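Trainee: This is the content of work_32.cif (mmCIF, C-alpha atoms and all ligand atoms):
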data_start
#
loop_
_atom_site.label_atom_id
_atom_site.label_comp_id
_atom_site.auth_asym_id
_atom_site.auth_seq_id
_atom_site.Cartn_x
_atom_site.Cartn_y
_atom_site.Cartn_z
CA MET A 63 -45.51 -20.05 0.27
CA ALA A 64 -45.01 -18.08 3.47
CA ASP A 65 -44.76 -21.36 5.42
CA GLN A 66 -42.15 -22.66 3.01
CA ALA A 67 -40.10 -19.46 3.31
CA GLU A 68 -40.33 -19.65 7.08
CA HIS A 69 -39.28 -23.32 7.05
CA THR A 70 -36.32 -22.54 4.78
CA GLN A 71 -35.31 -19.70 7.10
CA ASP A 72 -35.51 -22.06 10.09
CA ILE A 73 -33.21 -24.54 8.36
CA LEU A 74 -30.79 -21.76 7.46
CA ASP A 75 -30.85 -20.48 11.04
CA LEU A 76 -30.17 -23.98 12.36
CA ALA A 77 -27.32 -24.51 9.90
CA ARG A 78 -25.87 -21.14 10.83
CA THR A 79 -26.06 -21.89 14.56
CA PHE A 80 -24.39 -25.26 13.96
CA LEU A 81 -21.58 -23.67 11.95
CA LYS A 82 -21.05 -21.04 14.63
CA GLN A 83 -20.84 -23.73 17.29
CA GLN A 84 -18.31 -25.61 15.16
CA GLN A 85 -16.27 -22.45 14.79
CA GLU A 86 -16.41 -21.77 18.51
CA LEU A 87 -15.15 -25.30 19.10
CA GLY A 88 -12.39 -24.71 16.56
CA LEU A 89 -13.88 -27.38 14.27
CA ASP A 90 -14.74 -25.28 11.27
CA GLY A 91 -12.63 -27.49 8.99
CA LEU A 92 -12.03 -24.63 6.64
CA PRO A 93 -8.81 -24.72 4.69
CA LYS A 94 -6.13 -22.26 5.77
CA LEU A 95 -6.64 -19.15 3.68
CA SER A 96 -4.42 -16.21 3.07
CA LEU A 97 -5.29 -13.20 5.24
CA GLU A 98 -2.93 -10.93 3.41
CA VAL A 99 -4.67 -7.65 2.59
CA LYS A 100 -4.66 -6.95 -1.13
CA GLU A 101 -2.51 -4.06 -2.18
CA GLU A 102 -5.40 -1.76 -3.14
CA ASN A 103 -7.12 -2.25 0.24
CA ALA A 104 -3.90 -1.84 2.20
CA GLU A 105 -3.50 1.52 0.46
CA ILE A 106 -6.90 2.57 1.78
CA LEU A 107 -5.48 2.56 5.28
CA ALA A 108 -3.00 5.19 4.15
CA LEU A 109 -5.64 7.47 2.59
CA PRO A 110 -5.96 10.99 3.98
CA ARG A 111 -8.86 11.34 6.39
CA GLU A 112 -11.05 13.26 3.97
CA ASN A 113 -14.66 12.39 4.26
CA LEU A 114 -16.98 9.47 4.25
CA GLU A 115 -18.32 10.22 0.78
CA THR A 116 -14.89 9.80 -0.82
CA LEU A 117 -14.45 6.49 0.94
CA LYS A 118 -17.99 5.42 0.06
CA THR A 119 -17.36 6.03 -3.63
CA GLN A 120 -14.35 3.72 -3.47
CA VAL A 121 -16.15 1.03 -1.51
CA LEU A 122 -19.14 1.00 -3.88
CA ASN A 123 -16.76 -0.15 -6.62
CA CYS A 124 -14.85 -2.64 -4.50
CA LYS A 125 -14.23 -6.13 -5.87
CA ALA A 126 -11.51 -7.13 -3.43
CA CYS A 127 -13.24 -10.30 -2.24
CA GLN A 128 -15.63 -12.92 -3.59
CA LEU A 129 -18.65 -11.30 -1.90
CA CYS A 130 -18.80 -8.82 -4.77
CA GLU A 131 -19.97 -11.58 -7.11
CA ARG A 132 -23.47 -12.13 -5.69
CA ARG A 133 -24.27 -8.77 -4.15
CA SER A 134 -27.07 -6.49 -5.36
CA SER A 135 -25.66 -3.54 -3.42
CA VAL A 136 -22.66 -2.57 -1.39
CA VAL A 137 -23.98 -1.59 2.04
CA PHE A 138 -21.50 1.05 3.10
CA GLY A 139 -23.15 2.55 6.19
CA SER A 140 -25.62 5.26 7.12
CA GLY A 141 -26.28 7.96 9.67
CA HIS A 142 -24.65 11.09 11.02
CA PRO A 143 -21.10 11.47 9.61
CA ASN A 144 -19.85 12.78 12.95
CA ALA A 145 -22.03 10.74 15.27
CA ASP A 146 -21.01 10.24 18.88
CA ILE A 147 -22.40 6.71 18.89
CA MET A 148 -21.62 4.12 16.22
CA PHE A 149 -23.36 0.75 15.95
CA ILE A 150 -21.48 -2.01 14.16
CA GLY A 151 -23.04 -5.27 13.04
CA GLU A 152 -21.76 -8.25 11.12
CA ALA A 153 -22.82 -8.05 7.47
CA PRO A 154 -25.78 -7.04 5.31
CA GLY A 155 -28.78 -9.41 5.11
CA ALA A 156 -31.21 -9.88 2.25
CA GLU A 157 -33.18 -6.67 2.76
CA GLU A 158 -30.04 -4.60 3.30
CA ASP A 159 -28.56 -6.07 0.11
CA LYS A 160 -31.71 -5.01 -1.76
CA GLN A 161 -31.82 -1.47 -0.37
CA GLY A 162 -28.11 -0.74 0.11
CA ILE A 163 -28.80 0.48 3.67
CA PRO A 164 -27.71 -1.28 6.88
CA PHE A 165 -30.24 -2.68 9.37
CA VAL A 166 -33.48 -2.17 7.45
CA GLY A 167 -35.04 -5.65 7.85
CA ALA A 168 -36.92 -6.89 10.91
CA ALA A 169 -33.76 -6.76 13.03
CA GLY A 170 -33.08 -3.25 11.74
CA GLN A 171 -36.52 -2.09 12.76
CA LEU A 172 -35.85 -3.42 16.25
CA LEU A 173 -32.51 -1.59 16.28
CA THR A 174 -34.33 1.63 15.35
CA ARG A 175 -36.68 1.14 18.32
CA MET A 176 -33.70 0.41 20.59
CA ILE A 177 -32.02 3.65 19.48
CA GLU A 178 -35.24 5.57 20.09
CA ALA A 179 -35.53 3.99 23.55
CA MET A 180 -32.10 5.51 24.26
CA GLY A 181 -33.63 8.93 23.57
CA LEU A 182 -31.99 9.24 20.13
CA GLN A 183 -32.99 9.00 16.49
CA ARG A 184 -31.39 6.80 13.84
CA ASP A 185 -30.03 9.92 12.15
CA ASP A 186 -28.19 10.84 15.36
CA VAL A 187 -25.99 7.73 15.21
CA TYR A 188 -23.89 6.00 12.56
CA ILE A 189 -24.56 2.38 11.58
CA ALA A 190 -22.20 0.09 9.68
CA ASN A 191 -21.17 -3.54 9.36
CA VAL A 192 -17.86 -5.37 9.49
CA VAL A 193 -18.25 -6.42 5.85
CA LYS A 194 -20.10 -4.39 3.26
CA CYS A 195 -21.47 -7.09 0.96
CA ARG A 196 -23.93 -9.84 1.84
CA PRO A 197 -22.46 -13.30 2.48
CA PRO A 198 -24.50 -16.07 0.76
CA ASN A 199 -27.30 -17.43 2.97
CA ASN A 200 -26.24 -15.02 5.70
CA ARG A 201 -23.25 -17.16 6.65
CA ASP A 202 -20.50 -15.60 8.75
CA PRO A 203 -17.97 -13.66 6.71
CA LEU A 204 -14.81 -15.67 6.06
CA PRO A 205 -11.42 -14.57 7.43
CA GLU A 206 -10.12 -13.55 3.99
CA GLU A 207 -13.29 -11.47 3.37
CA ILE A 208 -12.81 -9.68 6.69
CA ALA A 209 -9.15 -9.10 5.89
CA GLN A 210 -10.14 -7.26 2.70
CA CYS A 211 -13.07 -5.32 4.15
CA GLU A 212 -11.94 -4.39 7.67
CA PRO A 213 -9.71 -1.53 6.45
CA TYR A 214 -12.89 0.22 5.25
CA LEU A 215 -14.47 -0.11 8.69
CA ILE A 216 -11.33 1.19 10.37
CA GLN A 217 -11.42 4.21 8.06
CA GLN A 218 -15.11 4.77 8.78
CA ILE A 219 -14.50 4.71 12.53
CA GLU A 220 -11.63 7.16 12.19
CA MET A 221 -13.70 9.52 10.04
CA VAL A 222 -16.86 9.40 12.17
CA ALA A 223 -14.72 9.51 15.32
CA PRO A 224 -17.46 8.37 17.72
CA LEU A 225 -17.22 8.58 21.51
CA VAL A 226 -18.71 5.13 21.88
CA ILE A 227 -18.97 2.07 19.63
CA CYS A 228 -21.67 -0.50 20.31
CA THR A 229 -21.05 -3.80 18.54
CA LEU A 230 -24.12 -5.88 17.71
CA GLY A 231 -23.63 -9.63 18.04
CA ARG A 232 -20.80 -12.01 18.75
CA PHE A 233 -19.22 -11.73 15.36
CA ALA A 234 -18.67 -7.95 15.33
CA ALA A 235 -17.37 -7.93 18.91
CA GLN A 236 -14.98 -10.81 18.30
CA THR A 237 -13.71 -9.28 15.06
CA LEU A 238 -13.02 -5.84 16.49
CA LEU A 239 -11.63 -7.06 19.80
CA LYS A 240 -9.67 -9.96 18.24
CA THR A 241 -11.04 -12.41 20.75
CA THR A 242 -12.94 -15.70 20.75
CA ASP A 243 -14.78 -14.95 23.99
CA SER A 244 -18.53 -15.59 23.96
CA MET A 245 -21.12 -12.81 24.03
CA GLY A 246 -22.03 -13.85 27.55
CA ARG A 247 -18.48 -12.98 28.64
CA LEU A 248 -18.08 -9.87 26.51
CA ARG A 249 -21.34 -8.00 27.11
CA GLY A 250 -21.76 -5.62 30.02
CA GLN A 251 -18.15 -4.46 29.76
CA VAL A 252 -16.41 -1.41 28.30
CA PHE A 253 -13.42 -2.13 26.07
CA ASP A 254 -10.91 0.16 24.40
CA TYR A 255 -10.89 -0.01 20.61
CA ARG A 256 -8.19 2.21 19.12
CA GLY A 257 -8.89 4.81 21.81
CA VAL A 258 -12.70 4.58 21.49
CA LYS A 259 -14.92 3.04 24.16
CA LEU A 260 -16.57 -0.14 22.89
CA VAL A 261 -19.58 -1.88 24.44
CA PRO A 262 -20.57 -5.27 22.99
CA THR A 263 -24.21 -6.32 23.06
CA TYR A 264 -26.48 -8.86 21.38
CA HIS A 265 -27.52 -8.57 17.75
CA PRO A 266 -31.15 -7.44 17.33
CA ALA A 267 -31.79 -10.53 15.16
CA ALA A 268 -30.81 -12.67 18.16
CA LEU A 269 -33.23 -10.71 20.34
CA LEU A 270 -36.06 -11.59 17.96
CA ARG A 271 -35.35 -15.27 18.68
CA ASN A 272 -34.28 -15.00 22.34
CA ALA A 273 -36.53 -12.65 24.29
CA GLN A 274 -34.55 -13.35 27.50
CA TRP A 275 -31.62 -11.36 26.06
CA LYS A 276 -33.66 -8.15 25.77
CA ARG A 277 -33.07 -7.13 29.39
CA PRO A 278 -29.25 -7.51 29.33
CA THR A 279 -29.23 -5.71 25.97
CA TRP A 280 -31.15 -2.82 27.49
CA GLU A 281 -28.57 -2.70 30.31
CA ASP A 282 -25.81 -2.50 27.68
CA LEU A 283 -27.62 0.28 25.82
CA LYS A 284 -28.01 2.24 29.06
CA LEU A 285 -24.25 1.84 29.55
CA VAL A 286 -23.68 3.21 26.02
CA ARG A 287 -26.01 6.13 26.77
CA ASN A 288 -24.21 6.86 30.05
CA LEU A 289 -20.82 6.81 28.32
CA TYR A 290 -22.23 9.20 25.71
CA ASP A 291 -23.64 11.46 28.44
CA GLY A 292 -20.31 11.43 30.24
CA THR A 293 -21.65 9.93 33.41
CA GLU A 294 -19.45 6.84 33.02
CA LEU A 295 -16.42 8.29 31.29
S1 LIG A 301 -17.19 -7.36 1.21
FE1 LIG A 301 -15.84 -5.56 1.38
S2 LIG A 301 -13.87 -6.24 0.53
FE2 LIG A 301 -15.45 -7.70 -0.17
S3 LIG A 301 -16.12 -6.90 -2.17
FE3 LIG A 301 -17.54 -6.08 -0.61
S4 LIG A 301 -16.68 -4.08 -0.07
FE4 LIG A 301 -15.05 -5.23 -1.13
#
Would you write the structure of this file as structure tokens?
Mentor:
Amino acid sequence: MADQAEHTQDILDLARTFLKQQQELGLDGLPKLSLEVKEENAEILALPRENLETLKTQVLNCKACQLCERRSSVVFGSGHPNADIMFIGEAPGAEEDKQGIPFVGAAGQLLTRMIEAMGLQRDDVYIANVVKCRPPNNRDPLPEEIAQCEPYLIQQIEMVAPLVICTLGRFAAQTLLKTTDSMGRLRGQVFDYRGVKLVPTYHPAALLRNAQWKRPTWEDLKLVRNLYDGTEL
């Protein structure tokens, strides 16, 4: 049974890699879809900057995109509401969907160890994803799903008001920075995101498959730590 699950996961990983390559080549073949933000989500951008709990209550009831149909939980985010460092990934996976907490599967446990290696605890930082509901088979979120969900992330960032954002994986970096550049080009640099310093690095799930990316990731995390300490501000 375990072998079968592993084999299925391998096939899904391969399919996902293939789709990502197609997207990077501009060959995704997806029909043009409306990116217009629905009225109720556009209004969220205009909400007063109250607190994360108010926003969370709204997001837990969100049905603005099709990802609401198959979710078990809405994975809003977790951590210190005024953290100086915010980690942003792509979307919840199976375990996150079950528990309603971001980064709690194998990749999440690695992220926890990475945070601890920076001399911090998980509760010291804030962790969220670009989209709050799990895409089927862990596929990349679609443009219209991002268009509906990104306003929540923007609100979260404004409310937490971190000093440094660290994006995890190509998808989160490309979404926030509105670029198609590869991770190889993006990582190791400091970008400005709405006045907040942003450092892209690899997703912990990618590190589980590609051990050679652990060293550059550690360099990126040291950069995040230095920005937080003020030695590279
Ligand atoms: S993914 Fe975001 S926009 Fe879509 S239903 Fe979930 S919370 Fe709403």
Trainee: So how many Å separate atom CA of Gln274 of chain A and atom CA of Gly292 of chain A, to one decimal?
Mentor: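 One can read the atom CA of Gln274 of chain A to atom CA of Gly292 of chain A distance as 28.7 Å.
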Trainee: Any idea what the distance is between atom CA of Lys125 of chain A and atom FE3 of ligand LIG 301 (chain A)?
Mentor: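 Spanning atom CA of Lys125 of chain A to atom FE3 of ligand LIG 301 (chain A) is a straight-line distance of 6.2 Å.
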Trainee: With only C-alpha atoms and all ligand atoms counted, collect every polymer residue having an atom within 6 Å of ligand LIG 301 (chain A); state the result as a list in words.
Mentor: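 Listing the residues within 6 Å of ligand LIG 301 (chain A) gives Val121, Cys124, Lys125, Ala126, Cys127, Leu129, Cys130, Val193, Lys194, Cys195, Glu207, Gln210 and Cys211 of chain A.
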Trainee: Report the distance between atom CA of Leu225 of chain A and atom CA of Asn144 of chain A in Å, rounded to one decimal place.
Mentor: 9.9 Å
Trainee: Give as a CSV table (one decimal) with C-alpha atoms, in the frame of the given file every residue, naming chains and numbers as the document does, that has an atom within 10 Å of (-11.5, -0.3, 11.8), counting all atoms listed in the file.
Mentor:
chain,number,residue,atom,x,y,z
A,107,LEU,CA,-5.5,2.6,5.3
A,192,VAL,CA,-17.9,-5.4,9.5
A,211,CYS,CA,-13.1,-5.3,4.2
A,212,GLU,CA,-11.9,-4.4,7.7
A,213,PRO,CA,-9.7,-1.5,6.4
A,214,TYR,CA,-12.9,0.2,5.2
A,215,LEU,CA,-14.5,-0.1,8.7
A,216,ILE,CA,-11.3,1.2,10.4
A,217,GLN,CA,-11.4,4.2,8.1
A,218,GLN,CA,-15.1,4.8,8.8
A,219,ILE,CA,-14.5,4.7,12.5
A,220,GLU,CA,-11.6,7.2,12.2
A,237,THR,CA,-13.7,-9.3,15.1
A,238,LEU,CA,-13.0,-5.8,16.5
A,255,TYR,CA,-10.9,0.0,20.6
A,256,ARG,CA,-8.2,2.2,19.1
Trainee: Compare A:Tyr264, A:Phe165, A:Phe233, A:Phe149 by their minimum atom-to-atom distance to Tyr188 of chain A, counting all atoms listed in the file, and give me the closest one.
Mentor: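 The answer is A:Phe149, which sits nearest to Tyr188 of chain A.
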Trainee: Check the smallest atom-to-atom distance from each of A:Leu285, A:Leu270, A:Pro143, A:Phe253 to Asn113 of chain A using all atoms listed in the file, then report the winner.
Mentor: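 Ranked by minimum distance to Asn113 of chain A, first place goes to A:Pro143.
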Trainee: Which is closer to Val187 of chain A than all the others in A:Ser134, A:Thr116, A:Gln251, A:Thr174, using only C-alpha atoms?
Mentor: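 Of the candidates, the smallest distance to Val187 of chain A is held by A:Thr174.
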Trainee: Pick out the closest residue to Glu281 of chain A from this set: A:Ala235, A:Ile163, A:Met180, A:Leu173. Count all atoms listed in the file.
Mentor: A:Met180
Trainee: Could you tell me which of A:Arg271, A:Arg175, A:Lys259, A:Lys276 comes closest to Leu289 of chain A if we count only C-alpha atoms?
Mentor: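 Among the listed residues, the smallest separation from Leu289 of chain A belongs to A:Lys259.
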Trainee: Between A:Thr293, A:Glu152, A:Asn200, A:Asp159, which has the minimum distance to Gly231 of chain A (counting all atoms listed in the file)?
Mentor: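 Closest residue, counting all atoms listed in the file: A:Glu152.
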Trainee: So which residues touch Arg287 of chain A within 10 Å, counting only C-alpha atoms, skipping near sequence neighbours fewer than 3 positions away, as a PyMOL selection string?
Mentor: chain A and resi 147+177+180-182+226+281-284+290-294
Trainee: Could you give me, as JSON, numbers by chain, the residues that sit within 6 Å of (-24.4, -2.6, 21.5) in the file's coordinates, counting all atoms listed in the file?
Mentor: {"A": [228, 229, 230, 261, 262, 263]}
Trainee: For Leu172 of chain A, please output as a PyMOL selection string all residues within 10 Å (counting all atoms listed in the file; exclusion window: fewer than 3 positions along the same chain).
Mentor: chain A and resi 165-169+175-178+265-267+269-270
